[in-house]
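Listing of structure26.cif, mmCIF, C-alpha atoms
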data_data
loop_
_atom_site.label_atom_id
_atom_site.label_comp_id
_atom_site.auth_asym_id
_atom_site.auth_seq_id
_atom_site.Cartn_x
_atom_site.Cartn_y
_atom_site.Cartn_z
CA MET A 21 3.35 -4.83 14.30
CA GLY A 22 1.95 -7.14 16.95
CA VAL A 23 3.88 -10.21 15.79
CA PRO A 24 7.45 -8.86 16.24
CA MET A 25 6.41 -7.10 19.45
CA ALA A 26 5.06 -10.34 20.92
CA ARG A 27 8.23 -12.13 19.85
CA ARG A 28 10.39 -9.57 21.67
CA LEU A 29 8.37 -10.04 24.85
CA SER A 30 8.79 -13.81 24.62
CA GLU A 31 12.54 -13.50 23.99
CA ALA A 32 12.81 -11.19 27.02
CA GLY A 33 11.49 -14.01 29.20
CA HIS A 34 7.85 -12.98 29.58
CA GLN A 35 5.10 -15.58 29.42
CA VAL A 36 3.09 -14.47 26.39
CA THR A 37 -0.28 -15.54 25.02
CA THR A 38 -1.08 -14.12 21.57
CA TRP A 39 -4.52 -13.60 20.03
CA ARG A 40 -5.56 -12.40 16.61
CA ARG A 41 -8.98 -11.30 15.37
CA GLY A 42 -10.78 -13.72 13.11
CA THR A 43 -9.26 -16.91 14.55
CA GLY A 44 -12.48 -17.99 16.24
CA VAL A 45 -10.86 -18.21 19.68
CA PRO A 46 -12.74 -16.11 22.26
CA VAL A 47 -10.57 -13.20 23.34
CA ALA A 48 -11.88 -13.58 26.92
CA GLU A 49 -10.11 -16.95 27.06
CA ALA A 50 -6.86 -15.42 25.80
CA VAL A 51 -6.76 -12.73 28.50
CA ASP A 52 -7.94 -15.00 31.30
CA GLY A 53 -5.54 -14.65 34.25
CA ALA A 54 -3.23 -12.19 32.49
CA GLU A 55 -1.65 -9.47 34.60
CA LEU A 56 -0.96 -7.33 31.52
CA VAL A 57 -3.05 -7.12 28.33
CA ILE A 58 -1.56 -5.32 25.31
CA THR A 59 -3.67 -4.32 22.31
CA MET A 60 -2.21 -3.44 18.90
CA LEU A 61 -5.12 -3.07 16.47
CA ARG A 62 -6.18 -1.04 13.45
CA ASP A 63 -8.58 1.61 14.74
CA PRO A 64 -10.82 2.70 17.64
CA ALA A 65 -13.70 0.45 16.54
CA ALA A 66 -11.46 -2.64 16.56
CA VAL A 67 -10.05 -1.84 20.01
CA ARG A 68 -13.52 -1.18 21.41
CA GLU A 69 -14.84 -4.45 19.95
CA VAL A 70 -11.94 -6.56 21.26
CA LEU A 71 -11.82 -5.10 24.77
CA THR A 72 -15.60 -5.33 25.13
CA ALA A 73 -15.38 -9.02 24.27
CA ALA A 74 -12.41 -9.42 26.63
CA LEU A 75 -14.20 -7.99 29.70
CA PRO A 76 -15.43 -11.35 31.08
CA GLY A 77 -11.87 -12.68 31.16
CA LEU A 78 -10.05 -9.64 32.56
CA ARG A 79 -8.61 -9.93 36.05
CA PRO A 80 -9.95 -7.20 38.36
CA ASP A 81 -6.38 -6.00 38.95
CA ALA A 82 -5.19 -6.32 35.33
CA THR A 83 -3.43 -3.56 33.41
CA VAL A 84 -4.43 -2.82 29.81
CA VAL A 85 -1.75 -1.16 27.66
CA GLU A 86 -3.40 0.15 24.51
CA MET A 87 -0.68 0.61 21.84
CA SER A 88 -2.81 1.22 18.74
CA THR A 89 -3.25 4.66 17.20
CA ILE A 90 -6.78 5.58 18.28
CA GLY A 91 -6.65 9.14 19.64
CA PRO A 92 -7.41 10.61 23.08
CA GLU A 93 -11.20 10.57 22.71
CA ALA A 94 -11.17 6.80 22.17
CA VAL A 95 -8.89 6.39 25.20
CA ARG A 96 -11.48 8.20 27.32
CA GLU A 97 -14.17 5.86 25.95
CA LEU A 98 -12.04 2.84 26.89
CA ARG A 99 -11.54 4.19 30.39
CA ALA A 100 -15.32 4.36 30.78
CA LEU A 101 -15.69 0.86 29.30
CA LEU A 102 -13.17 -0.90 31.56
CA PRO A 103 -13.84 -1.61 35.25
CA ALA A 104 -12.42 1.05 37.56
CA SER A 105 -10.08 -1.53 39.11
CA VAL A 106 -8.44 -2.25 35.73
CA LYS A 107 -5.55 0.09 35.03
CA LEU A 108 -5.32 1.66 31.54
CA VAL A 109 -2.18 3.02 29.87
CA ASP A 110 -2.24 4.48 26.36
CA ALA A 111 1.09 3.86 24.64
CA PRO A 112 1.04 4.21 20.82
CA VAL A 113 4.39 3.91 19.06
CA LEU A 114 6.46 5.73 16.46
CA GLY A 115 8.12 3.31 14.06
CA SER A 116 7.17 0.49 11.72
CA VAL A 117 7.69 -3.28 11.51
CA GLY A 118 11.50 -3.07 11.34
CA PRO A 119 11.92 -1.04 14.55
CA ALA A 120 9.30 -3.27 16.20
CA ALA A 121 11.48 -6.30 15.48
CA ASP A 122 14.66 -4.49 16.56
CA GLY A 123 13.20 -3.04 19.75
CA THR A 124 13.86 0.55 18.63
CA LEU A 125 10.33 1.93 18.67
CA THR A 126 9.51 5.18 20.42
CA VAL A 127 6.68 4.51 22.86
CA LEU A 128 4.52 7.56 23.62
CA ALA A 129 2.92 6.72 26.96
CA GLY A 130 0.07 8.38 28.82
CA GLY A 131 -1.03 7.53 32.33
CA ASP A 132 0.64 5.87 35.31
CA LEU A 133 3.50 3.66 34.08
CA THR A 134 4.16 2.01 37.44
CA GLY A 135 4.65 -1.69 36.80
CA VAL A 136 4.79 -1.44 33.01
CA ARG A 137 8.01 0.48 32.34
CA GLU A 138 10.09 -2.70 32.05
CA VAL A 139 7.69 -4.21 29.54
CA LEU A 140 7.54 -1.02 27.45
CA SER A 141 11.36 -0.87 27.40
CA VAL A 142 11.37 -4.21 25.54
CA PHE A 143 9.83 -2.38 22.56
CA GLY A 144 12.19 0.61 22.61
CA THR A 145 12.39 3.96 24.36
CA ALA A 146 9.36 4.90 26.44
CA ARG A 147 8.57 8.60 26.64
CA GLU A 148 6.18 9.64 29.42
CA CYS A 149 3.79 12.19 27.90
CA GLY A 150 1.48 12.94 30.81
CA PRO A 151 -1.93 11.85 32.08
CA PRO A 152 -4.16 9.24 30.41
CA GLY A 153 -4.76 10.13 26.77
CA ALA A 154 -1.56 12.20 26.49
CA GLY A 155 0.29 9.47 24.60
CA ALA A 156 -2.58 9.08 22.13
CA ALA A 157 -2.73 12.84 21.58
CA MET A 158 1.06 13.07 21.11
CA LYS A 159 0.98 10.30 18.48
CA LEU A 160 -1.68 12.05 16.41
CA ALA A 161 0.09 15.40 16.75
CA VAL A 162 3.28 13.87 15.34
CA MET A 163 1.47 12.06 12.52
CA SER A 164 -0.41 15.22 11.55
CA ALA A 165 3.00 16.63 10.58
CA LEU A 166 4.80 13.58 9.20
CA VAL A 167 2.03 12.26 6.94
CA PRO A 168 1.11 15.56 5.21
CA ALA A 169 4.84 16.18 4.65
CA GLN A 170 5.03 12.93 2.67
CA VAL A 171 1.99 13.88 0.60
CA LEU A 172 3.57 17.29 -0.05
CA LEU A 173 6.76 15.63 -1.27
CA ALA A 174 4.72 13.33 -3.53
CA GLU A 175 3.24 16.45 -5.12
CA THR A 176 6.71 17.97 -5.31
CA TYR A 177 8.01 15.02 -7.32
CA ALA A 178 4.90 15.15 -9.54
CA TYR A 179 5.51 18.86 -10.18
CA GLY A 180 9.12 18.19 -11.06
CA GLU A 181 8.17 15.42 -13.49
CA ALA A 182 5.57 17.64 -15.17
CA HIS A 183 8.18 20.36 -15.67
CA GLY A 184 11.08 18.23 -16.85
CA VAL A 185 13.01 18.18 -13.55
CA ASP A 186 15.14 15.04 -13.14
CA ARG A 187 13.78 13.05 -10.20
CA ASP A 188 17.20 12.00 -8.88
CA ALA A 189 18.52 15.56 -9.16
CA LEU A 190 15.49 16.87 -7.27
CA ALA A 191 15.99 14.23 -4.54
CA GLU A 192 19.64 15.21 -4.24
CA VAL A 193 18.77 18.90 -3.80
CA LEU A 194 16.09 18.03 -1.26
CA SER A 195 18.57 15.87 0.65
CA GLY A 196 20.30 19.04 1.78
CA THR A 197 17.11 20.40 3.34
CA PRO A 198 15.23 19.47 6.54
CA LEU A 199 12.97 17.34 4.34
CA GLY A 200 15.89 15.23 3.08
CA VAL A 201 15.09 11.97 4.89
CA LEU A 202 11.45 11.97 3.84
CA ALA A 203 12.35 13.03 0.30
CA GLU A 204 14.63 10.00 -0.05
CA ARG A 205 11.88 7.74 1.27
CA LEU A 206 9.41 9.08 -1.33
CA ARG A 207 11.99 8.96 -4.12
CA THR A 208 11.32 5.24 -4.68
CA PRO A 209 8.14 3.84 -3.06
CA ALA A 210 8.88 0.95 -0.67
CA PRO A 211 8.16 -2.52 -2.12
CA GLU A 212 7.11 -3.82 1.31
CA THR A 213 4.44 -2.24 3.50
CA ARG A 214 6.01 -0.62 6.55
CA TYR A 215 3.21 1.86 7.22
CA ALA A 216 0.06 1.20 5.20
CA LEU A 217 -1.39 4.07 3.20
CA GLY A 218 -4.84 3.21 4.54
CA LEU A 219 -3.56 3.52 8.10
CA ALA A 220 -2.04 6.90 7.27
CA ALA A 221 -5.44 8.07 6.03
CA LYS A 222 -7.02 6.71 9.21
CA ASP A 223 -4.48 8.51 11.40
CA LEU A 224 -5.17 11.85 9.71
CA THR A 225 -8.90 11.21 10.07
CA LEU A 226 -8.45 10.77 13.83
CA ALA A 227 -6.28 13.90 13.96
CA ALA A 228 -8.86 16.05 12.18
CA TRP A 229 -9.78 19.37 13.78
CA PRO A 230 -11.17 22.62 12.29
CA ALA A 231 -7.81 24.41 11.88
CA ALA A 232 -6.03 21.42 10.28
CA THR A 233 -6.38 22.62 6.68
CA LEU A 234 -3.10 21.14 5.40
CA ALA A 235 -3.69 17.80 7.12
CA THR A 236 -7.24 17.74 5.73
CA ALA A 237 -5.96 18.26 2.18
CA ALA A 238 -3.34 15.53 2.66
CA ARG A 239 -5.97 13.16 4.01
CA ALA A 240 -8.13 13.77 0.91
CA ARG A 241 -5.15 12.76 -1.27
CA LEU A 242 -4.64 9.59 0.78
CA GLN A 243 -8.33 8.75 0.64
CA GLU A 244 -8.22 9.09 -3.15
CA ALA A 245 -5.30 6.66 -3.27
CA GLU A 246 -7.07 4.29 -0.88
CA ALA A 247 -10.19 4.35 -3.09
CA ALA A 248 -7.89 3.48 -6.02
CA GLY A 249 -6.87 0.26 -4.24
CA LEU A 250 -3.62 1.37 -2.60
CA GLY A 251 -4.79 1.15 1.02
CA ASP A 252 -2.62 -1.89 1.84
CA HIS A 253 0.46 -0.47 0.06
CA ASP A 254 3.15 1.45 1.90
CA VAL A 255 2.32 5.13 2.37
CA THR A 256 5.16 5.99 -0.03
CA ALA A 257 2.88 4.69 -2.82
CA ILE A 258 1.24 8.11 -2.66
CA ALA A 259 4.12 9.39 -4.79
CA ALA A 260 3.25 7.13 -7.73
CA HIS A 261 -0.45 7.82 -7.28
CA VAL A 262 -0.07 11.59 -7.33
CA GLY A 263 2.28 11.51 -10.28
CA GLY A 264 0.55 8.83 -12.29
CA ARG A 265 -3.16 9.53 -12.33
CA PRO A 266 -5.67 12.35 -11.84
CA ALA A 267 -7.38 12.58 -8.49
CA HIS A 268 -10.78 10.95 -8.07
CA ARG A 269 -13.47 13.59 -8.09
CA ALA A 270 -15.69 11.65 -5.70
CA VAL A 271 -13.94 10.59 -2.48
CA PRO A 272 -15.79 8.36 0.01
CA ILE A 273 -15.65 9.49 3.65
CA ASN A 274 -16.18 7.00 6.50
CA PRO A 275 -14.89 8.45 9.80
CA ALA A 276 -13.87 5.98 12.48
CA THR A 277 -15.83 8.09 15.01
CA VAL A 278 -19.17 7.17 13.39
CA PRO A 279 -20.68 3.65 13.55
CA ALA A 280 -19.54 1.64 10.51
CA THR A 281 -21.82 1.29 7.50
CA ASN A 282 -23.08 -2.07 6.22
CA GLY A 283 -20.74 -1.86 3.24
CA PHE A 284 -23.43 -0.79 0.78
CA TYR A 285 -22.92 2.95 1.22
CA SER A 286 -20.44 5.50 2.55
CA HIS A 287 -21.32 7.94 5.31
CA ALA A 288 -20.42 10.80 2.99
CA VAL A 289 -18.80 11.56 -0.35
CA ARG A 290 -16.62 14.61 -0.91
CA VAL A 291 -16.62 16.26 -4.34
CA GLY A 292 -14.32 19.26 -4.47
CA ASP A 293 -15.42 21.57 -1.69
CA MET A 294 -18.86 19.98 -1.32
CA LEU A 295 -19.77 17.13 1.02
CA TYR A 296 -22.82 14.91 0.47
CA VAL A 297 -23.82 13.14 3.69
CA SER A 298 -25.83 9.92 3.59
CA GLY A 299 -28.88 9.42 5.76
CA GLN A 300 -27.85 9.24 9.41
CA ALA A 301 -29.97 7.23 11.83
CA ALA A 302 -29.96 6.32 15.51
CA PHE A 303 -28.03 3.08 15.81
CA ASP A 304 -24.82 2.36 17.69
CA ALA A 305 -21.51 0.70 16.79
CA ASN A 306 -23.12 -2.73 17.29
CA GLY A 307 -26.02 -1.92 14.96
CA GLN A 308 -28.46 -1.61 17.87
CA LEU A 309 -31.23 0.98 17.99
CA VAL A 310 -30.56 4.03 20.19
CA GLY A 311 -33.43 5.72 22.03
CA GLU A 312 -36.30 3.37 21.23
CA GLY A 313 -39.56 5.34 21.10
CA ASP A 314 -37.79 8.59 22.07
CA MET A 315 -37.59 11.20 19.29
CA ALA A 316 -35.36 13.55 21.33
CA ALA A 317 -32.84 10.79 22.08
CA GLN A 318 -32.74 9.60 18.47
CA ALA A 319 -32.44 13.14 17.11
CA GLU A 320 -29.58 13.90 19.53
CA HIS A 321 -27.72 10.78 18.38
CA VAL A 322 -28.23 11.62 14.70
CA PHE A 323 -26.97 15.19 15.12
CA GLN A 324 -23.92 13.92 17.02
CA CYS A 325 -23.10 11.55 14.15
CA LEU A 326 -23.51 14.38 11.65
CA GLY A 327 -21.27 16.57 13.82
CA ARG A 328 -18.49 13.96 13.79
CA ILE A 329 -18.68 13.67 10.00
CA LEU A 330 -18.48 17.46 9.69
CA ALA A 331 -15.52 17.64 12.10
CA ASP A 332 -13.74 14.92 10.12
CA GLN A 333 -13.75 17.27 7.13
CA GLY A 334 -12.87 20.40 9.09
CA ALA A 335 -16.43 21.73 8.98
CA GLY A 336 -19.17 22.60 11.47
CA PHE A 337 -22.95 22.91 11.52
CA GLU A 338 -22.62 26.47 10.21
CA ASP A 339 -21.34 24.96 6.94
CA VAL A 340 -24.48 22.86 6.33
CA ALA A 341 -26.16 24.18 3.18
CA PHE A 342 -29.12 21.78 3.01
CA LEU A 343 -30.74 19.42 5.51
CA ARG A 344 -33.37 16.81 4.70
CA THR A 345 -35.22 14.95 7.46
CA TYR A 346 -37.53 11.97 7.19
CA LEU A 347 -39.95 11.47 10.11
CA THR A 348 -42.16 8.40 10.58
CA ASN A 349 -44.66 10.59 12.43
CA MET A 350 -44.99 14.30 11.73
CA ASP A 351 -46.46 14.74 15.22
CA ASP A 352 -42.86 14.26 16.49
CA ARG A 353 -41.63 17.37 14.68
CA VAL A 354 -41.82 19.52 17.83
CA ALA A 355 -39.49 17.21 19.78
CA TYR A 356 -37.21 16.97 16.75
CA GLY A 357 -37.20 20.74 16.30
CA GLN A 358 -36.16 21.34 19.91
CA VAL A 359 -33.03 19.22 19.39
CA ARG A 360 -32.33 20.71 15.97
CA ARG A 361 -32.34 24.27 17.35
CA LYS A 362 -29.46 23.30 19.69
CA TYR A 363 -27.29 22.64 16.64
CA PHE A 364 -28.62 25.47 14.45
CA PRO A 365 -29.22 28.30 16.95
CA GLY A 366 -28.85 31.02 14.32
CA THR A 367 -29.97 31.24 10.71
CA PRO A 368 -30.99 27.71 9.70
CA PRO A 369 -29.87 25.97 6.50
CA ALA A 370 -32.17 25.27 3.58
CA SER A 371 -34.19 22.22 4.60
CA THR A 372 -37.01 19.82 3.83
CA THR A 373 -38.89 17.67 6.34
CA VAL A 374 -41.20 14.92 5.14
CA GLU A 375 -43.23 12.11 6.71
CA VAL A 376 -42.59 8.55 5.54
CA SER A 377 -44.37 5.29 6.38
CA LYS A 378 -41.22 3.52 7.62
CA LEU A 379 -37.41 3.61 7.62
CA PHE A 380 -34.85 0.86 6.98
CA MET A 381 -34.67 -0.39 10.60
CA PRO A 382 -37.71 -1.10 12.79
CA GLY A 383 -38.02 1.49 15.55
CA LEU A 384 -36.26 4.35 13.76
CA LEU A 385 -38.20 7.58 14.12
CA LEU A 386 -36.07 9.75 11.83
CA GLU A 387 -33.29 9.76 9.27
CA MET A 388 -31.38 12.82 8.10
CA ASP A 389 -29.08 13.60 5.18
CA ALA A 390 -27.24 16.81 4.31
CA ILE A 391 -25.24 18.79 1.78
CA VAL A 392 -22.31 20.73 3.19
CA ALA A 393 -20.15 23.54 1.79
CA LEU A 394 -16.68 22.70 3.13
CA PRO A 395 -14.37 25.45 4.39
#

For this file, produce the structure as structure tokens.
Amino acid sequence: MGVPMARRLSEAGHQVTTWRRGTGVPVAEAVDGAELVITMLRDPAAVREVLTAALPGLRPDATVVEMSTIGPEAVRELRALLPASVKLVDAPVLGSVGPAADGTLTVLAGGDLTGVREVLSVFGTARECGPPGAGAAMKLAVMSALVPAQVLLAETYAYGEAHGVDRDALAEVLSGTPLGVLAERLRTPAPETRYALGLAAKDLTLAAWPAATLATAARARLQEAEAAGLGDHDVTAIAAHVGGRPAHRAVPINPATVPATNGFYSHAVRVGDMLYVSGQAAFDANGQLVGEGDMAAQAEHVFQCLGRILADQGAGFEDVAFLRTYLTNMDDRVAYGQVRRKYFPGTPPASTTVEVSKLFMPGLLLEMDAIVALP
């Protein structure tokens, strides 16, 4: 998306410097002296990483326009990260690579657009959604309808095939309904990637909330397809996946709201309506220890991580069936228990607490895993 958008800015007469992750060029050099910095990246972690690295080069009076799909919570985190003098506008877009090249995107903007309206108009039609974070929230609200609808249609085609319904005939009937445009798109999966299936799964993960049962089910389907190697395919590939193979029974879960793993494990694995959560420990997005020597601080961080994993799957602490905690010093159990009671104020789950000699990172005082009965 960033390439055709940068090209449109250049063709409109703006002086543009482009930067891509992995090139080895410091991003602080790329933004040095820029009045306006636009980010178009994969997820909240990528945006946080890039803008943190860009801080030394940002002008005090610069404006950052964040156009990735990262959600309102991440926008609030960016506001806290950036200097108060740097203006922040969240402006995710509706549309894929084609509309980006044509300048026909819909820009969903949150915050004060003074001084950036002309630039945003180069990409398409800018819709002012409200205060900071409103554009990010609007984008996820829209995607939480559009993406599950495509998964539903994939299942519709699979049902028709299983019952001898001609695919073209079904598409023709659906064309006369409000789902007609999406049905035609799913009829034959796109050969080129316009909206990656993995990004669709990410968007539904960001949009997760307890009442989003249909979106949660659609996300599970997308995560199955992603685990099958279709993450870089167009989202319409879900139709072939649903119709052509049984669902994976074990689906890895790695929410963008929880610090990334080292690649050797997943934060959780969903099997049917059960969720198995890997050991959670007190380290941040940069792999640095949180709360050194402080059991209460580490326990608080661990429970917050567990809470984000639960929320990602539409669950809460009341759905935890079993909790296992490893302490490096059983004398810390009182401080740990005080934090734990904040998250389990009522009847506690089944649990085991044991003392171990050490954990995988020096300085960790506890690690905690769980088994969850999903709603």

For segment 77-115 of chain A versus segment 55-66 of chain A, which residues have an atom no more than 7 Å away, and what is each residue's nearest atom pair and distance in Å rounded to one decimal, using only C-alpha atoms, chain-then-number order, as a tab-separated table?
residue	atom	partner	partner_atom	distance
A:Ala82	CA	A:Glu55	CA	4.8
A:Thr83	CA	A:Leu56	CA	4.9
A:Val84	CA	A:Val57	CA	4.8
A:Val85	CA	A:Ile58	CA	4.8
A:Glu86	CA	A:Thr59	CA	5.0
A:Met87	CA	A:Met60	CA	5.2
A:Ser88	CA	A:Met60	CA	4.7
A:Thr89	CA	A:Asp63	CA	6.6
A:Ile90	CA	A:Pro64	CA	5.0
A:Ala94	CA	A:Pro64	CA	6.1

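Distance check against Leu226 of chain A using only C-alpha atoms: of A:Val278, A:Arg205, A:Glu175, A:Val193, the minimum falls on A:Val278.
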
Can you tell me how far atom CA of Pro119 of chain A sits from atom CA of Leu202 of chain A, in Å to one decimal? 16.9 Å

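Picture a line from atom CA of Thr233 of chain A to atom CA of Gln333 of chain A; it runs 9.1 Å.
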
Tell me, as an mmCIF file with C-alpha atoms, keeping the file's coordinate frame, which residues lie within 9 Å of Asp122 of chain A, counting all atoms listed in the file; anything in the same chain fewer than 5 positions away does not count.
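Here's the written file around_36.cif:
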data_model
loop_
_atom_site.group_PDB
_atom_site.id
_atom_site.type_symbol
_atom_site.label_atom_id
_atom_site.label_comp_id
_atom_site.auth_asym_id
_atom_site.auth_seq_id
_atom_site.Cartn_x
_atom_site.Cartn_y
_atom_site.Cartn_z
ATOM 1 C CA PRO A 24 7.450 -8.860 16.240
ATOM 2 C CA ARG A 28 10.390 -9.570 21.670
ATOM 3 C CA VAL A 117 7.690 -3.280 11.510
ATOM 4 C CA PHE A 143 9.830 -2.380 22.560
ATOM 5 C CA GLY A 144 12.190 0.610 22.610
#

As number ranges by chain, please: the residues near segment 125-130 of chain A (cut-off 12 Å, all atoms listed in the file, same-chain neighbours under 4 positions excluded). A: 21, 24-25, 28, 85-89, 91-92, 95-96, 107-121, 134, 136-137, 139-162

Suppose we keep C-alpha atoms; can you now write the selection as a short mmCIF file (atom, residue, chain, number, x, y, z; two decimals), in the coordinates of the input?
data_model
loop_
_atom_site.label_atom_id
_atom_site.label_comp_id
_atom_site.auth_asym_id
_atom_site.auth_seq_id
_atom_site.Cartn_x
_atom_site.Cartn_y
_atom_site.Cartn_z
CA MET A 21 3.35 -4.83 14.30
CA PRO A 24 7.45 -8.86 16.24
CA MET A 25 6.41 -7.10 19.45
CA ARG A 28 10.39 -9.57 21.67
CA VAL A 85 -1.75 -1.16 27.66
CA GLU A 86 -3.40 0.15 24.51
CA MET A 87 -0.68 0.61 21.84
CA SER A 88 -2.81 1.22 18.74
CA THR A 89 -3.25 4.66 17.20
CA GLY A 91 -6.65 9.14 19.64
CA PRO A 92 -7.41 10.61 23.08
CA VAL A 95 -8.89 6.39 25.20
CA ARG A 96 -11.48 8.20 27.32
CA LYS A 107 -5.55 0.09 35.03
CA LEU A 108 -5.32 1.66 31.54
CA VAL A 109 -2.18 3.02 29.87
CA ASP A 110 -2.24 4.48 26.36
CA ALA A 111 1.09 3.86 24.64
CA PRO A 112 1.04 4.21 20.82
CA VAL A 113 4.39 3.91 19.06
CA LEU A 114 6.46 5.73 16.46
CA GLY A 115 8.12 3.31 14.06
CA SER A 116 7.17 0.49 11.72
CA VAL A 117 7.69 -3.28 11.51
CA GLY A 118 11.50 -3.07 11.34
CA PRO A 119 11.92 -1.04 14.55
CA ALA A 120 9.30 -3.27 16.20
CA ALA A 121 11.48 -6.30 15.48
CA THR A 134 4.16 2.01 37.44
CA VAL A 136 4.79 -1.44 33.01
CA ARG A 137 8.01 0.48 32.34
CA VAL A 139 7.69 -4.21 29.54
CA LEU A 140 7.54 -1.02 27.45
CA SER A 141 11.36 -0.87 27.40
CA VAL A 142 11.37 -4.21 25.54
CA PHE A 143 9.83 -2.38 22.56
CA GLY A 144 12.19 0.61 22.61
CA THR A 145 12.39 3.96 24.36
CA ALA A 146 9.36 4.90 26.44
CA ARG A 147 8.57 8.60 26.64
CA GLU A 148 6.18 9.64 29.42
CA CYS A 149 3.79 12.19 27.90
CA GLY A 150 1.48 12.94 30.81
CA PRO A 151 -1.93 11.85 32.08
CA PRO A 152 -4.16 9.24 30.41
CA GLY A 153 -4.76 10.13 26.77
CA ALA A 154 -1.56 12.20 26.49
CA GLY A 155 0.29 9.47 24.60
CA ALA A 156 -2.58 9.08 22.13
CA ALA A 157 -2.73 12.84 21.58
CA MET A 158 1.06 13.07 21.11
CA LYS A 159 0.98 10.30 18.48
CA LEU A 160 -1.68 12.05 16.41
CA ALA A 161 0.09 15.40 16.75
CA VAL A 162 3.28 13.87 15.34
#

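Shortest separation to Leu190 of chain A among A:Thr225, A:Gln324, A:Thr176, A:Gln308 occurs at residue A:Thr176, atoms counted being only C-alpha atoms.
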
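Applied to the file shown here, the PyMOL selection byres ((chain A and resi 392) around 10) selects the residues Arg290, Asp293, Met294, Leu295, Tyr296, Val297, Leu330, Ala335, Gly336, Phe337, Glu338, Asp339, Val340, Ala341, Phe342, Leu343, Pro369, Ala390, Ile391, Ala393, Leu394 and Pro395 of chain A.
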
Since the input is missing atoms for segment 117-133 of chain A, could you rebuild it with N, CA and C atoms and give the result as a PDB file, in the frame of the given file?
ATOM      1  N   VAL A 117       7.414  -1.878  11.193  1.00  0.00           N
ATOM      2  CA  VAL A 117       7.690  -3.280  11.510  1.00  0.00           C
ATOM      3  C   VAL A 117       9.161  -3.521  11.835  1.00  0.00           C
ATOM      4  N   GLY A 118      10.068  -2.885  11.087  1.00  0.00           N
ATOM      5  CA  GLY A 118      11.500  -3.070  11.340  1.00  0.00           C
ATOM      6  C   GLY A 118      11.902  -2.685  12.754  1.00  0.00           C
ATOM      7  N   PRO A 119      11.617  -1.436  13.168  1.00  0.00           N
ATOM      8  CA  PRO A 119      11.920  -1.040  14.550  1.00  0.00           C
ATOM      9  C   PRO A 119      11.194  -1.890  15.593  1.00  0.00           C
ATOM     10  N   ALA A 120      10.006  -2.396  15.256  1.00  0.00           N
ATOM     11  CA  ALA A 120       9.300  -3.270  16.200  1.00  0.00           C
ATOM     12  C   ALA A 120      10.088  -4.550  16.429  1.00  0.00           C
ATOM     13  N   ALA A 121      10.681  -5.078  15.366  1.00  0.00           N
ATOM     14  CA  ALA A 121      11.480  -6.300  15.480  1.00  0.00           C
ATOM     15  C   ALA A 121      12.798  -6.037  16.201  1.00  0.00           C
ATOM     16  N   ASP A 122      13.357  -4.835  15.982  1.00  0.00           N
ATOM     17  CA  ASP A 122      14.660  -4.490  16.560  1.00  0.00           C
ATOM     18  C   ASP A 122      14.561  -3.964  17.990  1.00  0.00           C
ATOM     19  N   GLY A 123      13.360  -3.622  18.422  1.00  0.00           N
ATOM     20  CA  GLY A 123      13.200  -3.040  19.750  1.00  0.00           C
ATOM     21  C   GLY A 123      13.639  -1.589  19.796  1.00  0.00           C
ATOM     22  N   THR A 124      13.443  -0.862  18.681  1.00  0.00           N
ATOM     23  CA  THR A 124      13.860   0.550  18.630  1.00  0.00           C
ATOM     24  C   THR A 124      12.682   1.487  18.395  1.00  0.00           C
ATOM     25  N   LEU A 125      11.488   1.053  18.765  1.00  0.00           N
ATOM     26  CA  LEU A 125      10.330   1.930  18.670  1.00  0.00           C
ATOM     27  C   LEU A 125      10.412   3.049  19.698  1.00  0.00           C
ATOM     28  N   THR A 126       9.718   4.147  19.418  1.00  0.00           N
ATOM     29  CA  THR A 126       9.510   5.180  20.420  1.00  0.00           C
ATOM     30  C   THR A 126       8.098   5.004  20.951  1.00  0.00           C
ATOM     31  N   VAL A 127       7.974   4.749  22.244  1.00  0.00           N
ATOM     32  CA  VAL A 127       6.680   4.510  22.860  1.00  0.00           C
ATOM     33  C   VAL A 127       6.215   5.807  23.525  1.00  0.00           C
ATOM     34  N   LEU A 128       5.066   6.316  23.094  1.00  0.00           N
ATOM     35  CA  LEU A 128       4.520   7.560  23.620  1.00  0.00           C
ATOM     36  C   LEU A 128       3.435   7.197  24.637  1.00  0.00           C
ATOM     37  N   ALA A 129       3.780   7.288  25.912  1.00  0.00           N
ATOM     38  CA  ALA A 129       2.920   6.720  26.960  1.00  0.00           C
ATOM     39  C   ALA A 129       2.175   7.793  27.739  1.00  0.00           C
ATOM     40  N   GLY A 130       0.891   7.521  27.968  1.00  0.00           N
ATOM     41  CA  GLY A 130       0.070   8.380  28.820  1.00  0.00           C
ATOM     42  C   GLY A 130      -0.481   7.594  29.985  1.00  0.00           C
ATOM     43  N   GLY A 131      -0.520   8.211  31.148  1.00  0.00           N
ATOM     44  CA  GLY A 131      -1.030   7.530  32.330  1.00  0.00           C
ATOM     45  C   GLY A 131       0.082   7.088  33.275  1.00  0.00           C
ATOM     46  N   ASP A 132      -0.296   6.347  34.290  1.00  0.00           N
ATOM     47  CA  ASP A 132       0.640   5.870  35.310  1.00  0.00           C
ATOM     48  C   ASP A 132       1.389   4.643  34.797  1.00  0.00           C
ATOM     49  N   LEU A 133       2.702   4.750  34.640  1.00  0.00           N
ATOM     50  CA  LEU A 133       3.500   3.660  34.080  1.00  0.00           C
ATOM     51  C   LEU A 133       4.069   2.718  35.141  1.00  0.00           C
TER      52      LEU A 133
END
